[in-house]
Amino acid sequence: MAGSRLWLSLLLAAAFAGPATALWPWPQYIQTSDWHYTISPHSFQFKYHVRSAAQSGCSVLDEAFQRYRNLLFGSESWQRVALTGEQQTLEKQSLVILVVTPGCEQLPSLESVENYTLTINNEQCFLLSETVWGALRGLETFSQLVWRSPEGTFFINKTEIEDFPRFPHRGLLLDTSRHYLPLPSILDTLDAMAYNKFNVFHWHLVDDSSFPYESFAFPELTRKGSYNPATHIYTAQDVKEVIEYARLRGIRVLAEFDTPGHTLSWGQALGVSGLLTPCYSGSQPSGTFGPVNPILNSTYEFMNTFFLEVSSVFPDFYLHLGGDEVDFACWKSNPDVQAFMKKKGFGNDFKQLESFYIQTLLDIVSAYGKGYVVWQEVFDNKVKVRPDTIIQVWREEVPVSYLKELALITEAGFRALLSAPWYLNRISYGPDWEDFYRVDPLSFEGSPEQKALVIGGEACMWGEYVDSTNLVPRLWPRAGAVAERLWSNKVVTDPDFAFKRLAHFRCELLRRGVQAQPLSVGYCEQEFEQI
């Protein structure tokens, strides 16, 4: 039944190839026609009712109504359209939104429900959702359905939509260590994420290059580890602003503090000999340093204090703890590390030493009531982790393909995220968005129970060659291909159908102020609009 309804929606899309069918991402079910209604910016209102809500207002919806009014109608002073006769009866003066479950002051979570139903017909213009998060997704769809004639009149077509995401975790990673991204760049990215129905901002805050996160427990991390402690840091207020800005758009903030590798900036700030492992050349220290030193009690005392702070600052249930690309060479060269391994009975298996460190760190984080996400090496190296650990797959072909990796992870009973084929920082000439679009996270060999453990994926924008000067056109609309793959039904795969809609959506992004790059030859009227 569901499949036949979907095919009907696709056939209708082909029949009515107008503004009403240029939605991105494509909904699970849509029935539309060329019958349309007028909307007067002067009189149109958003109205809502949250059942069983104790509070008189709803911050999430109040803020959203203001945003979408501005997106739809801009800041112009609109005059009431003089409509007479039949046209007057066809004017839509409000969108009524009913939210079943209150949650206006809460944070979105992995378990948040984002379903919604949108009905636009002769009798009503109505949006029904179980949660405010679903209402946000429905508002975005509604905003894309509204179109403007050359004469300046706003219309919306008769439409029925039932929609929900295919995966609960639809993320976008930004790397703010290799190149610092100013706060406005992050906030603008959150806006564009909401337009694409992404719901997780994976914030890769720190790395070898710099430590821009301002820690109140260890202020020297920023003072000595950032590029510039006066300009290239994220203060406590900045972090709060990002979290709240994301919350109002139904987006979770998943903060990543990657250890034991990728920590040179940590060591530079704290004194490398106090946190990082001294590397040896023969019997003498070489003067260089490697990963976090896993044999010192002081290491775990530091991590205990630091992650207590992080757990209080970032309210999402999950933290990303990294664990990737740990270079064992320095550990192997250090005689103290070798002696520690012998005492522990690890032999020459440095994966066991890595496992020792990560297990201790996970125990620390678990004690603060947090869950965690780790990169796939933690699983590959057979680190003993809790059954509820989420494993993120990022390697395409080493040691196995990402599809085989997903099969192995889910066979072991762990939940998985996919990002391997969605590295947006890798660019090529031509329509590379199609490669992202063709990926199906569930195309591996496995049981239905295994595939249910794949909870979604993430597009990644690593920062080696990306800063605020080129971030936006590299992200958009290419990231939109990943957004639709994670939201829409698995059968929505026609690249021609996708291209027409994505090209239209790119023009809409331009109208909204997002400098999205072109998909092909052509032009957008919005290139010349000033919003």
# chains A, B, ... in the order shown; residues from 1 in each chain; ligands from 1

call {"tool": "closest_atom_pairs", "arguments": {"of": "stretch 410-497 of chain A", "to": "stretch 504-520 of chain A", "cutoff": "7 Å", "atoms": "only C-alpha atoms", "output": "tab-separated table"}}
result
residue	atom	partner	partner_atom	distance
A:Pro431	CA	A:Leu519	CA	6.4
A:Val472	CA	A:Gln515	CA	6.2
A:Pro473	CA	A:Ala516	CA	4.7
A:Trp476	CA	A:Ala516	CA	4.8
A:Pro477	CA	A:Ala516	CA	5.7

call {"tool": "closest_residue", "arguments": {"among": "A:Glu354, A:Glu111, A:Asp238, A:Glu434", "to": "A:Asn199", "atoms": "only C-alpha atoms"}}
result
A:Glu111

call {"tool": "select_by_dssp", "arguments": {"residues": "stretch 138-257 of chain A", "states": "strand (DSSP E or B)", "output": "MDAnalysis selection string"}}
result
chainID A and resid 147:148 154:163 169:175 200:204 213 234 252:256

call {"tool": "residues_around", "arguments": {"residues": "A:Arg166", "least_positions_apart": "3", "cutoff": "10 Å", "atoms": "only C-alpha atoms", "output": "list in words"}}
result
Gln28, Asp163, His169, Arg170, Ile455, Gly456, Glu484, Arg485, Leu486, Trp487, Ser488, Asn489 and Lys490 of chain A

call {"tool": "decode", "arguments": {"residues": "stretch 142-165 of chain A", "atoms": "N, CA, C and O atoms", "output": "PDB file, in the first residue's frame"}}
result
ATOM      1  N   PHE A 142       6.105  23.651   3.488  1.00  0.00           N
ATOM      2  CA  PHE A 142       5.111  24.669   3.133  1.00  0.00           C
ATOM      3  C   PHE A 142       5.782  25.859   2.440  1.00  0.00           C
ATOM      4  O   PHE A 142       5.296  26.361   1.430  1.00  0.00           O
ATOM      5  N   SER A 143       6.923  26.285   2.974  1.00  0.00           N
ATOM      6  CA  SER A 143       7.604  27.448   2.403  1.00  0.00           C
ATOM      7  C   SER A 143       8.070  27.182   0.976  1.00  0.00           C
ATOM      8  O   SER A 143       8.115  28.103   0.147  1.00  0.00           O
ATOM      9  N   GLN A 144       8.412  25.935   0.680  1.00  0.00           N
ATOM     10  CA  GLN A 144       8.843  25.599  -0.672  1.00  0.00           C
ATOM     11  C   GLN A 144       7.670  25.460  -1.640  1.00  0.00           C
ATOM     12  O   GLN A 144       7.849  25.555  -2.863  1.00  0.00           O
ATOM     13  N   LEU A 145       6.473  25.218  -1.091  1.00  0.00           N
ATOM     14  CA  LEU A 145       5.295  25.090  -1.939  1.00  0.00           C
ATOM     15  C   LEU A 145       4.770  26.444  -2.420  1.00  0.00           C
ATOM     16  O   LEU A 145       4.123  26.534  -3.462  1.00  0.00           O
ATOM     17  N   VAL A 146       5.013  27.501  -1.651  1.00  0.00           N
ATOM     18  CA  VAL A 146       4.523  28.829  -2.023  1.00  0.00           C
ATOM     19  C   VAL A 146       5.336  29.357  -3.206  1.00  0.00           C
ATOM     20  O   VAL A 146       6.566  29.308  -3.195  1.00  0.00           O
ATOM     21  N   TRP A 147       4.655  29.851  -4.218  1.00  0.00           N
ATOM     22  CA  TRP A 147       5.334  30.395  -5.388  1.00  0.00           C
ATOM     23  C   TRP A 147       4.721  31.737  -5.784  1.00  0.00           C
ATOM     24  O   TRP A 147       3.626  32.084  -5.365  1.00  0.00           O
ATOM     25  N   ARG A 148       5.469  32.474  -6.567  1.00  0.00           N
ATOM     26  CA  ARG A 148       5.101  33.843  -6.910  1.00  0.00           C
ATOM     27  C   ARG A 148       5.013  33.993  -8.418  1.00  0.00           C
ATOM     28  O   ARG A 148       5.925  33.576  -9.147  1.00  0.00           O
ATOM     29  N   SER A 149       3.938  34.586  -8.879  1.00  0.00           N
ATOM     30  CA  SER A 149       3.755  34.813 -10.312  1.00  0.00           C
ATOM     31  C   SER A 149       4.608  35.993 -10.760  1.00  0.00           C
ATOM     32  O   SER A 149       5.061  36.798  -9.942  1.00  0.00           O
ATOM     33  N   PRO A 150       4.817  36.129 -12.086  1.00  0.00           N
ATOM     34  CA  PRO A 150       5.573  37.294 -12.579  1.00  0.00           C
ATOM     35  C   PRO A 150       4.941  38.625 -12.183  1.00  0.00           C
ATOM     36  O   PRO A 150       5.625  39.638 -12.075  1.00  0.00           O
ATOM     37  N   GLU A 151       3.637  38.617 -11.943  1.00  0.00           N
ATOM     38  CA  GLU A 151       2.953  39.850 -11.545  1.00  0.00           C
ATOM     39  C   GLU A 151       3.112  40.154 -10.066  1.00  0.00           C
ATOM     40  O   GLU A 151       2.713  41.225  -9.602  1.00  0.00           O
ATOM     41  N   GLY A 152       3.673  39.195  -9.324  1.00  0.00           N
ATOM     42  CA  GLY A 152       3.925  39.442  -7.910  1.00  0.00           C
ATOM     43  C   GLY A 152       2.919  38.836  -6.954  1.00  0.00           C
ATOM     44  O   GLY A 152       3.000  39.064  -5.746  1.00  0.00           O
ATOM     45  N   THR A 153       1.972  38.044  -7.462  1.00  0.00           N
ATOM     46  CA  THR A 153       0.979  37.402  -6.601  1.00  0.00           C
ATOM     47  C   THR A 153       1.532  36.075  -6.096  1.00  0.00           C
ATOM     48  O   THR A 153       2.140  35.311  -6.853  1.00  0.00           O
ATOM     49  N   PHE A 154       1.280  35.797  -4.808  1.00  0.00           N
ATOM     50  CA  PHE A 154       1.735  34.543  -4.205  1.00  0.00           C
ATOM     51  C   PHE A 154       0.632  33.494  -4.300  1.00  0.00           C
ATOM     52  O   PHE A 154      -0.554  33.790  -4.080  1.00  0.00           O
ATOM     53  N   PHE A 155       1.026  32.259  -4.604  1.00  0.00           N
ATOM     54  CA  PHE A 155       0.081  31.152  -4.744  1.00  0.00           C
ATOM     55  C   PHE A 155       0.608  29.922  -4.015  1.00  0.00           C
ATOM     56  O   PHE A 155       1.817  29.795  -3.757  1.00  0.00           O
ATOM     57  N   ILE A 156      -0.311  29.013  -3.736  1.00  0.00           N
ATOM     58  CA  ILE A 156       0.054  27.675  -3.279  1.00  0.00           C
ATOM     59  C   ILE A 156      -0.918  26.692  -3.897  1.00  0.00           C
ATOM     60  O   ILE A 156      -2.128  26.961  -3.988  1.00  0.00           O
ATOM     61  N   ASN A 157      -0.419  25.573  -4.377  1.00  0.00           N
ATOM     62  CA  ASN A 157      -1.256  24.585  -5.052  1.00  0.00           C
ATOM     63  C   ASN A 157      -1.987  23.693  -4.053  1.00  0.00           C
ATOM     64  O   ASN A 157      -1.545  23.485  -2.928  1.00  0.00           O
ATOM     65  N   LYS A 158      -3.095  23.170  -4.514  1.00  0.00           N
ATOM     66  CA  LYS A 158      -3.816  22.158  -3.743  1.00  0.00           C
ATOM     67  C   LYS A 158      -2.902  20.949  -3.566  1.00  0.00           C
ATOM     68  O   LYS A 158      -2.412  20.376  -4.548  1.00  0.00           O
ATOM     69  N   THR A 159      -2.640  20.560  -2.327  1.00  0.00           N
ATOM     70  CA  THR A 159      -1.613  19.548  -2.052  1.00  0.00           C
ATOM     71  C   THR A 159      -1.963  18.769  -0.793  1.00  0.00           C
ATOM     72  O   THR A 159      -2.507  19.317   0.167  1.00  0.00           O
ATOM     73  N   GLU A 160      -1.628  17.501  -0.809  1.00  0.00           N
ATOM     74  CA  GLU A 160      -1.712  16.650   0.384  1.00  0.00           C
ATOM     75  C   GLU A 160      -0.362  15.952   0.541  1.00  0.00           C
ATOM     76  O   GLU A 160       0.110  15.282  -0.390  1.00  0.00           O
ATOM     77  N   ILE A 161       0.262  16.109   1.712  1.00  0.00           N
ATOM     78  CA  ILE A 161       1.576  15.505   1.962  1.00  0.00           C
ATOM     79  C   ILE A 161       1.550  14.758   3.290  1.00  0.00           C
ATOM     80  O   ILE A 161       1.063  15.279   4.294  1.00  0.00           O
ATOM     81  N   GLU A 162       2.071  13.544   3.267  1.00  0.00           N
ATOM     82  CA  GLU A 162       2.362  12.795   4.488  1.00  0.00           C
ATOM     83  C   GLU A 162       3.862  12.503   4.453  1.00  0.00           C
ATOM     84  O   GLU A 162       4.347  11.904   3.499  1.00  0.00           O
ATOM     85  N   ASP A 163       4.569  12.927   5.474  1.00  0.00           N
ATOM     86  CA  ASP A 163       6.024  12.905   5.365  1.00  0.00           C
ATOM     87  C   ASP A 163       6.679  12.532   6.684  1.00  0.00           C
ATOM     88  O   ASP A 163       6.150  12.818   7.765  1.00  0.00           O
ATOM     89  N   PHE A 164       7.850  11.913   6.546  1.00  0.00           N
ATOM     90  CA  PHE A 164       8.667  11.524   7.699  1.00  0.00           C
ATOM     91  C   PHE A 164      10.040  11.144   7.160  1.00  0.00           C
ATOM     92  O   PHE A 164      10.196  10.802   5.986  1.00  0.00           O
ATOM     93  N   PRO A 165      11.076  11.202   7.993  1.00  0.00           N
ATOM     94  CA  PRO A 165      12.426  10.880   7.509  1.00  0.00           C
ATOM     95  C   PRO A 165      12.670   9.385   7.443  1.00  0.00           C
ATOM     96  O   PRO A 165      12.159   8.611   8.258  1.00  0.00           O
TER      97      PRO A 165
END
